[in-house]
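Okay, target_31.csv is below, CSV, C-alpha atoms:
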```csv
chain,number,residue,atom,x,y,z
A,12,MET,CA,0.0,0.0,0.0
A,13,PRO,CA,1.5,3.4,-1.0
A,14,VAL,CA,2.1,5.9,1.8
A,15,GLN,CA,-0.8,8.3,2.0
A,16,ASP,CA,-0.1,12.0,1.8
A,17,LYS,CA,-2.7,12.9,4.3
A,18,VAL,CA,-1.8,12.5,8.0
A,19,GLN,CA,-4.4,10.6,10.0
A,20,ASP,CA,-5.3,11.7,13.5
A,21,ILE,CA,-5.6,9.3,16.4
A,22,ASP,CA,-5.3,9.6,20.2
A,23,VAL,CA,-2.7,6.9,20.9
A,24,ILE,CA,-0.2,4.9,18.9
A,25,VAL,CA,1.4,1.8,20.4
A,26,ILE,CA,4.5,0.5,18.7
A,27,GLY,CA,5.0,-3.2,19.4
A,28,ALA,CA,2.2,-5.8,19.4
A,29,GLY,CA,3.6,-8.0,22.1
A,30,ALA,CA,2.6,-8.6,25.7
A,31,ALA,CA,3.1,-5.0,26.9
A,32,GLY,CA,1.9,-3.4,23.7
A,33,MET,CA,-1.4,-5.3,23.5
A,34,MET,CA,-2.0,-4.7,27.2
A,35,ALA,CA,-1.4,-0.9,26.7
A,36,ALA,CA,-3.6,-0.8,23.6
A,37,ALA,CA,-6.4,-2.7,25.4
A,38,SER,CA,-6.2,-0.4,28.5
A,39,ALA,CA,-6.2,2.8,26.4
A,40,SER,CA,-8.9,1.8,23.9
A,41,GLN,CA,-11.3,0.6,26.6
A,42,ARG,CA,-11.1,4.1,28.1
A,43,GLY,CA,-12.5,5.3,24.8
A,44,ARG,CA,-9.2,6.5,23.3
A,45,GLY,CA,-8.6,5.9,19.7
A,46,VAL,CA,-5.7,3.5,19.4
A,47,ALA,CA,-3.5,2.2,16.6
A,48,LEU,CA,-1.2,-0.7,17.3
A,49,ILE,CA,1.8,-1.0,15.0
A,50,ASP,CA,4.2,-4.0,14.6
A,51,HIS,CA,6.8,-4.8,12.0
A,52,SER,CA,6.1,-8.5,12.2
A,53,GLU,CA,3.4,-10.4,10.3
A,54,ARG,CA,2.7,-12.7,13.3
A,55,LEU,CA,1.2,-11.5,16.5
A,56,ALA,CA,3.1,-11.9,19.8
A,57,GLU,CA,5.7,-14.5,18.9
A,58,LYS,CA,7.3,-14.2,22.3
A,59,ILE,CA,4.1,-15.2,24.0
A,60,ARG,CA,3.5,-18.0,21.5
A,61,ILE,CA,6.8,-19.7,22.3
A,62,SER,CA,6.9,-19.1,26.0
A,63,GLY,CA,6.6,-21.7,28.7
A,64,GLY,CA,7.1,-24.6,26.2
A,65,GLY,CA,4.1,-23.3,24.3
A,66,ARG,CA,1.8,-22.9,27.3
A,67,CYS,CA,2.9,-19.4,28.4
A,68,ASN,CA,4.0,-19.0,32.0
A,69,PHE,CA,1.8,-15.9,32.1
A,70,THR,CA,2.4,-14.7,35.7
A,71,ASN,CA,3.6,-15.7,39.2
A,72,LEU,CA,1.7,-15.7,42.4
A,73,HIS,CA,4.7,-14.3,44.2
A,74,CYS,CA,5.4,-11.1,42.2
A,75,THR,CA,7.1,-8.5,44.4
A,76,ALA,CA,9.6,-5.8,43.6
A,77,GLU,CA,12.4,-7.8,45.2
A,78,ARG,CA,12.1,-10.3,42.3
A,79,TYR,CA,13.1,-7.7,39.7
A,80,VAL,CA,16.5,-6.4,38.7
A,81,SER,CA,16.9,-2.7,37.9
A,82,ARG,CA,19.3,0.2,38.6
A,83,ASN,CA,16.4,1.5,40.7
A,84,PRO,CA,15.0,-1.5,42.6
A,85,HIS,CA,11.9,0.5,43.7
A,86,TYR,CA,10.8,1.7,40.3
A,87,CYS,CA,8.5,-1.3,39.5
A,88,LYS,CA,6.6,-1.1,42.8
A,89,SER,CA,3.9,1.4,41.6
A,90,ALA,CA,3.0,-0.4,38.4
A,91,LEU,CA,3.0,-3.9,40.1
A,92,ALA,CA,0.6,-2.4,42.7
A,93,GLN,CA,-1.7,-0.7,40.2
A,94,TYR,CA,-2.0,-3.9,38.1
A,95,SER,CA,-1.1,-7.0,40.1
A,96,GLN,CA,-0.8,-10.7,39.2
A,97,HIS,CA,-4.3,-11.1,40.7
A,98,ASP,CA,-5.7,-8.6,38.3
A,99,PHE,CA,-4.3,-10.6,35.4
A,100,ILE,CA,-5.5,-13.9,36.8
A,101,GLU,CA,-9.0,-12.3,37.0
A,102,LEU,CA,-8.7,-11.4,33.3
A,103,VAL,CA,-7.7,-14.9,32.4
A,104,ASN,CA,-10.6,-16.3,34.4
A,105,ARG,CA,-13.0,-13.9,32.8
A,106,HIS,CA,-12.0,-15.3,29.4
A,107,GLY,CA,-12.5,-18.9,30.5
A,108,ILE,CA,-8.9,-19.9,30.1
A,109,ALA,CA,-7.9,-23.0,32.1
A,110,TRP,CA,-4.6,-22.7,33.9
A,111,HIS,CA,-2.6,-24.5,36.6
A,112,GLU,CA,0.2,-23.7,39.0
A,113,LYS,CA,3.5,-25.4,38.8
A,114,LYS,CA,6.3,-25.0,41.3
A,115,LEU,CA,7.3,-21.7,42.8
A,116,GLY,CA,4.1,-20.0,42.0
A,117,GLN,CA,4.4,-20.3,38.2
A,118,LEU,CA,1.1,-20.2,36.4
A,119,PHE,CA,0.6,-21.8,33.0
A,120,CYS,CA,-2.2,-22.3,30.5
A,121,ASP,CA,-3.6,-25.8,30.5
A,122,GLU,CA,-3.9,-25.8,26.7
A,123,SER,CA,-1.8,-23.2,24.7
A,124,ALA,CA,-0.1,-19.9,24.8
A,125,GLN,CA,-2.4,-19.0,21.9
A,126,ASP,CA,-5.2,-18.6,24.5
A,127,ILE,CA,-3.4,-15.6,26.0
A,128,ILE,CA,-2.7,-14.1,22.6
A,129,ASP,CA,-6.4,-14.5,21.6
A,130,MET,CA,-7.5,-13.0,25.0
A,131,LEU,CA,-5.3,-9.9,24.5
A,132,LYS,CA,-6.4,-9.5,20.9
A,133,ALA,CA,-10.1,-9.7,22.0
A,134,GLU,CA,-9.4,-7.1,24.7
A,135,CYS,CA,-7.9,-4.8,22.1
A,136,ASP,CA,-10.8,-5.4,19.6
A,137,GLN,CA,-13.3,-4.7,22.3
A,138,GLY,CA,-11.9,-1.2,22.5
A,139,GLY,CA,-11.8,-0.8,18.7
A,140,THR,CA,-8.0,-0.9,18.4
A,141,VAL,CA,-6.8,-0.3,14.8
A,142,TRP,CA,-4.3,-3.1,13.8
A,143,ARG,CA,-1.2,-2.5,11.6
A,144,MET,CA,0.8,-5.6,11.4
A,145,ALA,CA,3.7,-6.1,9.0
A,146,THR,CA,4.1,-2.3,9.1
A,147,SER,CA,7.5,-0.7,9.8
A,148,VAL,CA,7.9,2.7,11.5
A,149,GLU,CA,10.1,4.9,9.3
A,150,GLY,CA,10.3,8.0,11.5
A,151,ILE,CA,8.9,9.8,14.5
A,152,GLU,CA,8.7,13.6,14.9
A,153,ARG,CA,7.7,15.5,18.0
A,154,LEU,CA,5.0,18.2,17.7
A,155,ASP,CA,4.0,20.9,20.2
A,156,SER,CA,1.2,18.6,21.4
A,157,GLY,CA,1.9,15.1,20.3
A,158,PHE,CA,3.9,13.2,17.6
A,159,ILE,CA,3.9,12.4,13.9
A,160,VAL,CA,4.6,8.7,13.3
A,161,ARG,CA,5.5,7.8,9.7
A,162,THR,CA,5.1,4.2,8.7
A,163,SER,CA,5.4,2.1,5.6
A,164,ARG,CA,1.6,2.3,5.1
A,165,GLU,CA,0.5,5.8,6.3
A,166,HIS,CA,1.3,8.7,8.5
A,167,TRP,CA,-0.3,9.2,11.9
A,168,ARG,CA,-0.6,12.2,14.2
A,169,CYS,CA,-1.2,11.2,17.9
A,170,GLN,CA,-1.3,12.8,21.3
A,171,SER,CA,0.4,9.9,23.1
A,172,LEU,CA,3.0,7.4,21.9
A,173,ILE,CA,3.7,4.2,23.7
A,174,ILE,CA,6.9,2.3,22.9
A,175,ALA,CA,6.5,-1.4,23.6
A,176,SER,CA,8.9,-2.8,21.1
A,177,GLY,CA,10.8,-5.2,23.4
A,178,GLY,CA,14.5,-5.8,23.8
A,179,LEU,CA,17.2,-7.6,21.9
A,180,SER,CA,16.5,-11.1,23.0
A,181,ILE,CA,15.7,-13.8,20.5
A,182,PRO,CA,16.4,-12.0,17.2
A,183,PRO,CA,14.9,-14.8,15.0
A,184,ILE,CA,11.4,-13.8,16.1
A,185,GLY,CA,12.0,-10.2,15.3
A,186,ALA,CA,13.7,-8.6,18.2
A,187,THR,CA,15.4,-5.2,17.4
A,188,GLY,CA,16.9,-2.2,19.2
A,189,PHE,CA,14.1,0.0,17.9
A,190,GLY,CA,12.9,1.2,21.3
A,191,TYR,CA,16.4,2.1,22.4
A,192,GLU,CA,16.9,4.2,19.3
A,193,VAL,CA,13.7,6.1,20.0
A,194,ALA,CA,14.9,6.7,23.6
A,195,LYS,CA,18.1,8.1,22.2
A,196,GLN,CA,16.3,10.3,19.7
A,197,PHE,CA,14.4,12.0,22.5
A,198,GLY,CA,17.4,12.3,24.8
A,199,LEU,CA,16.5,9.5,27.3
A,200,PRO,CA,19.5,7.7,28.8
A,201,LEU,CA,20.0,3.9,28.7
A,202,THR,CA,21.5,1.7,31.3
A,203,PRO,CA,24.0,-0.9,29.9
A,204,LEU,CA,22.3,-3.7,27.9
A,205,ALA,CA,23.1,-7.4,28.3
A,206,ALA,CA,21.5,-10.8,27.8
A,207,GLY,CA,19.5,-11.9,30.8
A,208,LEU,CA,18.0,-15.3,31.8
A,209,VAL,CA,20.6,-16.9,29.5
A,210,PRO,CA,22.9,-20.0,29.6
A,211,LEU,CA,26.5,-19.4,30.6
A,212,THR,CA,29.5,-20.7,28.6
A,213,PHE,CA,33.0,-21.9,29.4
A,214,GLU,CA,36.3,-22.2,27.6
A,215,PRO,CA,36.6,-25.6,25.9
A,216,LYS,CA,39.5,-26.5,28.3
A,217,ASP,CA,37.2,-25.8,31.3
A,218,LEU,CA,34.2,-27.6,29.9
A,219,TYR,CA,33.2,-31.0,31.2
A,220,GLY,CA,32.1,-31.9,27.7
A,221,GLU,CA,31.2,-35.5,28.7
A,222,LEU,CA,28.6,-34.1,31.1
A,223,ALA,CA,26.3,-32.6,28.4
A,224,GLY,CA,22.8,-33.6,29.4
A,225,VAL,CA,23.5,-34.2,33.1
A,226,SER,CA,21.2,-32.3,35.5
A,227,LEU,CA,21.5,-31.8,39.2
A,228,ASP,CA,19.8,-29.9,42.0
A,229,CYS,CA,22.0,-26.9,43.1
A,230,ASP,CA,21.9,-23.8,45.2
A,231,ALA,CA,23.5,-21.2,42.9
A,232,HIS,CA,24.4,-17.5,43.2
A,233,ALA,CA,26.5,-14.9,41.5
A,234,GLY,CA,28.2,-12.1,43.4
A,235,ALA,CA,26.0,-10.5,46.0
A,236,GLY,CA,22.9,-11.7,44.1
A,237,PRO,CA,20.2,-13.9,45.7
A,238,HIS,CA,20.5,-17.7,46.0
A,239,PHE,CA,18.4,-19.9,43.7
A,240,ARG,CA,17.8,-23.5,44.4
A,241,GLU,CA,16.8,-25.2,41.2
A,242,ASN,CA,18.3,-27.5,38.6
A,243,VAL,CA,21.6,-26.9,36.7
A,244,LEU,CA,21.9,-28.5,33.3
A,245,PHE,CA,25.3,-29.2,31.7
A,246,THR,CA,25.5,-28.5,27.9
A,247,HIS,CA,28.1,-28.9,25.3
A,248,ARG,CA,29.1,-25.3,25.7
A,249,GLY,CA,28.6,-24.7,29.4
A,250,VAL,CA,25.7,-24.6,31.9
A,251,SER,CA,22.0,-23.9,31.7
A,252,GLY,CA,18.9,-24.9,33.6
A,253,PRO,CA,16.6,-22.7,35.8
A,254,ALA,CA,19.3,-22.0,38.5
A,255,ILE,CA,21.8,-20.7,35.9
A,256,LEU,CA,19.2,-18.7,34.0
A,257,GLN,CA,18.3,-17.0,37.3
A,258,ILE,CA,21.8,-16.1,38.4
A,259,SER,CA,22.7,-14.9,34.9
A,260,SER,CA,20.8,-11.7,35.5
A,261,TYR,CA,23.1,-11.0,38.4
A,262,TRP,CA,26.4,-12.2,36.7
A,263,THR,CA,28.9,-9.9,35.2
A,264,PRO,CA,31.7,-11.0,32.8
A,265,GLY,CA,34.9,-12.1,34.6
A,266,GLN,CA,33.0,-13.0,37.8
A,267,GLU,CA,32.8,-16.4,39.4
A,268,ILE,CA,29.6,-18.2,40.1
A,269,ALA,CA,29.1,-20.3,43.2
A,270,LEU,CA,27.3,-23.7,43.3
A,271,ASP,CA,26.3,-25.7,46.3
A,272,LEU,CA,26.2,-29.2,44.8
A,273,LEU,CA,24.5,-30.7,47.9
A,274,PRO,CA,21.9,-28.2,49.0
A,275,GLY,CA,20.1,-29.1,52.1
A,276,ARG,CA,22.6,-31.8,53.0
A,277,ASP,CA,25.8,-31.9,55.1
A,278,ALA,CA,28.6,-33.4,53.2
A,279,ALA,CA,30.8,-33.6,56.3
A,280,GLN,CA,28.1,-35.8,57.9
A,281,LEU,CA,27.8,-37.9,54.8
A,282,PHE,CA,31.6,-38.4,54.8
A,283,GLU,CA,31.6,-39.3,58.5
A,284,GLU,CA,29.3,-42.2,57.7
A,285,ALA,CA,31.6,-43.5,54.9
A,286,LYS,CA,35.1,-42.5,56.1
A,287,ARG,CA,36.1,-46.1,57.0
A,288,SER,CA,35.0,-47.5,53.7
A,289,ASP,CA,37.2,-49.0,50.9
A,290,MET,CA,35.0,-47.3,48.4
A,291,LEU,CA,36.5,-44.7,46.1
A,292,LEU,CA,35.3,-41.2,46.6
A,293,PRO,CA,33.5,-40.9,43.2
A,294,ASN,CA,31.5,-44.0,44.0
A,295,VAL,CA,30.5,-42.6,47.4
A,296,LEU,CA,29.5,-39.3,45.8
A,297,ALA,CA,27.4,-41.2,43.2
A,298,ASP,CA,24.9,-42.0,46.0
A,299,TRP,CA,24.2,-38.2,46.2
A,300,LEU,CA,25.1,-36.9,42.8
A,301,PRO,CA,24.7,-38.1,39.2
A,302,LYS,CA,27.4,-40.7,38.6
A,303,ARG,CA,28.9,-39.0,35.5
A,304,PHE,CA,29.2,-35.8,37.4
A,305,ALA,CA,30.7,-37.3,40.5
A,306,GLN,CA,33.4,-39.0,38.4
A,307,ALA,CA,34.2,-35.9,36.4
A,308,PHE,CA,34.2,-33.6,39.4
A,309,CYS,CA,36.6,-35.8,41.3
A,310,ALA,CA,38.9,-36.3,38.4
A,311,ALA,CA,39.2,-32.5,37.9
A,312,HIS,CA,39.6,-31.5,41.5
A,313,ILE,CA,40.4,-34.3,43.9
A,314,ALA,CA,43.0,-37.0,44.3
A,315,ILE,CA,40.9,-40.2,44.0
A,316,LYS,CA,41.5,-42.9,46.6
A,317,PRO,CA,39.5,-45.1,49.0
A,318,MET,CA,37.6,-43.1,51.6
A,319,LYS,CA,39.5,-44.5,54.5
A,320,GLN,CA,42.8,-43.0,53.2
A,321,TYR,CA,41.5,-39.4,53.4
A,322,SER,CA,42.5,-37.4,56.4
A,323,ALA,CA,39.9,-35.4,58.3
A,324,ALA,CA,41.4,-32.2,56.9
A,325,GLU,CA,41.1,-33.6,53.3
A,326,LEU,CA,37.5,-34.6,53.8
A,327,ALA,CA,36.7,-31.1,55.3
A,328,GLN,CA,38.3,-29.5,52.3
A,329,ILE,CA,36.3,-31.7,49.9
A,330,SER,CA,33.1,-31.0,51.8
A,331,GLY,CA,33.8,-27.2,51.5
A,332,HIS,CA,34.4,-27.6,47.8
A,333,LEU,CA,31.1,-29.5,47.3
A,334,HIS,CA,29.1,-26.8,49.1
A,335,ASP,CA,30.9,-23.9,47.5
A,336,TRP,CA,32.1,-24.9,44.0
A,337,ARG,CA,33.5,-21.8,42.3
A,338,VAL,CA,33.6,-21.7,38.5
A,339,LYS,CA,34.3,-18.7,36.2
A,340,PRO,CA,32.2,-18.6,33.0
A,341,SER,CA,33.8,-17.3,29.9
A,342,GLY,CA,30.6,-15.6,28.7
A,343,SER,CA,27.0,-16.3,27.9
A,344,GLU,CA,25.0,-17.7,24.9
A,345,GLY,CA,24.0,-14.1,24.1
A,346,TYR,CA,20.7,-12.7,22.9
A,347,LYS,CA,19.9,-15.6,20.6
A,348,LYS,CA,19.3,-17.8,23.7
A,349,ALA,CA,18.4,-15.1,26.2
A,350,GLU,CA,14.8,-14.9,27.4
A,351,VAL,CA,15.1,-11.2,28.2
A,352,THR,CA,17.4,-8.1,27.8
A,353,ARG,CA,18.9,-6.7,31.0
A,354,GLY,CA,19.1,-2.9,31.2
A,355,GLY,CA,17.2,-0.5,28.9
A,356,VAL,CA,15.6,2.9,29.2
A,357,ASP,CA,16.8,4.4,32.5
A,358,THR,CA,14.0,4.5,35.0
A,359,ASP,CA,15.2,7.8,36.3
A,360,ALA,CA,13.9,9.3,33.1
A,361,LEU,CA,10.4,7.8,33.5
A,362,SER,CA,7.5,8.3,35.9
A,363,SER,CA,7.0,5.1,37.9
A,364,LYS,CA,3.3,5.9,38.2
A,365,THR,CA,2.6,6.4,34.5
A,366,MET,CA,5.6,5.1,32.5
A,367,MET,CA,5.8,8.5,30.8
A,368,ALA,CA,9.1,10.2,30.0
A,369,ARG,CA,9.5,13.0,32.5
A,370,LYS,CA,10.9,15.5,29.9
A,371,VAL,CA,8.8,14.3,26.9
A,372,PRO,CA,5.1,14.6,27.7
A,373,GLY,CA,3.0,12.0,25.9
A,374,LEU,CA,5.9,9.5,25.3
A,375,PHE,CA,5.8,6.3,27.2
A,376,PHE,CA,8.0,3.2,27.5
A,377,VAL,CA,6.7,-0.1,28.7
A,378,GLY,CA,7.8,-3.8,29.0
A,379,GLU,CA,11.2,-5.2,28.3
A,380,VAL,CA,12.6,-2.0,26.7
A,381,VAL,CA,12.7,-0.5,30.2
A,382,ASP,CA,15.5,-1.2,32.7
A,383,VAL,CA,13.3,-3.7,34.7
A,384,THR,CA,14.1,-7.4,34.4
A,385,GLY,CA,12.2,-10.1,36.3
A,386,TRP,CA,13.2,-13.4,37.5
A,387,LEU,CA,12.5,-16.6,35.5
A,388,GLY,CA,9.0,-17.9,36.2
A,389,GLY,CA,6.3,-15.4,34.8
A,390,TYR,CA,7.7,-12.3,36.4
A,391,ASN,CA,8.6,-10.6,33.1
A,392,PHE,CA,5.1,-11.1,31.7
A,393,GLN,CA,3.7,-9.6,34.8
A,394,TRP,CA,5.9,-6.6,34.3
A,395,ALA,CA,4.6,-6.4,30.7
A,396,TRP,CA,1.0,-6.5,31.8
A,397,ALA,CA,1.5,-4.0,34.7
A,398,SER,CA,3.5,-1.4,32.8
A,399,GLY,CA,1.4,-1.7,29.7
A,400,TRP,CA,-1.9,-1.3,31.6
A,401,VAL,CA,-0.5,1.7,33.6
A,402,ALA,CA,0.6,3.5,30.5
A,403,GLY,CA,-2.7,2.7,28.7
A,404,SER,CA,-4.7,4.0,31.6
A,405,VAL,CA,-3.3,7.5,31.2
A,406,ALA,CA,-2.1,7.8,27.6
```
Step by step, read the file and then write its structure as structure tokens.
Amino acid sequence: MPVQDKVQDIDVIVIGAGAAGMMAAASASQRGRGVALIDHSERLAEKIRISGGGRCNFTNLHCTAERYVSRNPHYCKSALAQYSQHDFIELVNRHGIAWHEKKLGQLFCDESAQDIIDMLKAECDQGGTVWRMATSVEGIERLDSGFIVRTSREHWRCQSLIIASGGLSIPPIGATGFGYEVAKQFGLPLTPLAAGLVPLTFEPKDLYGELAGVSLDCDAHAGAGPHFRENVLFTHRGVSGPAILQISSYWTPGQEIALDLLPGRDAAQLFEEAKRSDMLLPNVLADWLPKRFAQAFCAAHIAIKPMKQYSAAELAQISGHLHDWRVKPSGSEGYKKAEVTRGGVDTDALSSKTMMARKVPGLFFVGEVVDVTGWLGGYNFQWAWASGWVAGSVA
């Protein structure tokens, strides 16, 4: 379709038809605002579609500000209070979507993530949202009272502009740095960007290549970040699994990570029970750890001999090593495997109550493009729902 010469007027334009964008469009349009929702992709909400193994871990019962990472740890409190996980659950129930709770408060659809996409689309349609999929934004200009948004299909003039274009994670489904460029255009600062909720890698010489596929229960942390007790999965390139994805949001390059390989157990007590045995240490550890891991761990770090030949000091040292195994990743798998982007539009430049840029009236940033990153387990979707709803309620 050729670009029209005439500029069309509308109250609100939302750029990005993902979780935060659709929520913002629904919120604004149901207030009676005219809303156009623009996205460069042909398919709607790909990140929702692939999330949670196709069943969308759509929120978490335990959403609190402490479970988000941001330069300003208090910023997300207002939005999460204005639109809580319970508000979203009520919306899901109203649409008759069956769901269930998994561990740690994670909520999933019984059937398909498509149920959440269909629900959000229906909410937007209820308010009369104008859809513009497969439409690229070619320029944005600020007016005295609003913005001109030039697209590949037409030009729009709007009073409020909501940027919900996401971050850099998972480029194959269309992730770009568009939102960061808009922030720069209007003079808003960015905090450093990095892949978050991402597997970590090791140098080939450090990698226990034969352990690929082995999984074990660990208590993991990075630096001064919180401890996470979940599974660690060894891969051909490094480590993954829920515990690693969680601590990756607190890890910085060059920093060690710490793993307690026997969480909730006392290795010293276990050794006390076996210290007079003729069994080799890897065989003893195989009662508590995956056999392949026990063998590789001992071969890399410990002189292997029968248990009865270890001194008390040696066993104490081994016990300490098992409860505080320090390893230094060489990097991460990057944005192609990251579930989210850490960092983003600096929250100091945004109102926590409305998501609007303090120095650019009418310009809002919501969702992943903002420097707010949730834990694994539905927290990032809840931030998308909350920030999108808040912006839409005032735009």
Determine, counting all atoms listed in the file, which protein, DNA and RNA residues have an atom within 12 Å of an atom of Thr384 (chain A); residues of the same chain fewer than 6 positions away are not included. Present the result as an MDAnalysis selection string. chainID A and resid 76:84 86:87 177:178 204:208 257 259:261 350:356 358 377:378 390:395
Enter the distance from CA of Phe69 (chain A) to CA of Leu244 (chain A), in Å, rounded to one decimal.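 Value for the CA of Phe69 (chain A)-CA of Leu244 (chain A) distance: 23.8 Å.
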Residues at most 8 Å from region 251-253 of chain A, counting all atoms listed in the file, excluding those fewer than 4 positions away in the same chain, as a list in words?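 Those residues are Val209, Pro210, Leu211, Ser226, Glu241, Asn242, Val243, Leu244, Phe245, Thr246, Gln257 and Leu387 of chain A.
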Provide the CA of Leu374 (chain A) to CA of Ser171 (chain A) distance in Å, to one decimal place.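 So the two atoms, CA of Leu374 (chain A) and CA of Ser171 (chain A), lie 5.9 Å apart.
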How far is it from CA of Ser404 (chain A) to CA of Met34 (chain A), in Å with one decimal?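 Going from CA of Ser404 (chain A) over to CA of Met34 (chain A) covers 10.1 Å.
Minimum distance to Asp121 (chain A) across A:Val338, A:Val250, A:Gly65, A:Gly403 (counting all atoms listed in the file) occurs at A:Gly65.
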Can you pull out the residues contacting region 318-320 of chain A? Cut-off 7 Å, using all atoms listed in the file, and skip same-chain residues under 6 positions away; I want them as a ChimeraX atom specification. /A:285-292
Is there a way to get, as a list of chain:residue names, all residues within 6 Å of the point (32.2, -23.6, 28.1) in file coordinates, counting all atoms listed in the file?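 All residues meeting the 6 Å criterion around (32.2, -23.6, 28.1) are A:Thr212, A:Phe213, A:Glu214, A:Pro215, A:Leu218, A:Arg248, A:Gly249.
Shortest separation to Glu122 (chain A) among A:Ser156, A:Gln196, A:Asn68, A:Ser147 occurs at residue A:Asn68, atoms counted being all atoms listed in the file.
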Could you tell me which of A:Ala297, A:Arg60, A:Gly188, A:Asp277 comes closest to Tyr346 (chain A) if we count all atoms listed in the file?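 Smallest separation from Tyr346 (chain A) among the options: A:Gly188.
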Please identify all polymer residues lying at most 7 Å from the point (-4.1, 9.0, 11.5) (file coordinates), using all atoms listed in the file, and present the result as a PyMOL selection string. chain A and resi 18-21+166-168
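In this comparison, which uses only C-alpha atoms, the residue of A:Val141, A:Ala327, A:Val381, A:Ile174 approaching Phe189 (chain A) most closely is A:Ile174.
With only C-alpha atoms taken into account, the protein and nucleic acid residues at most 6 Å from Met144 (chain A) (excluding it and anything under 5 positions from it in its own chain) are A:Ile49, A:Asp50, A:Glu53.
Here the question is which of A:Val148, A:Ser322, A:Thr187, A:His97 gets nearest to Lys347 (chain A) using all atoms listed in the file, and that residue is A:Thr187.
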Polymer residues at most 7 Å from Asn71 (chain A), all atoms listed in the file, same-chain spacing of 5 or more positions, as JSON, numbers by chain: {"A": [96, 116, 117, 118, 388, 389, 390]}
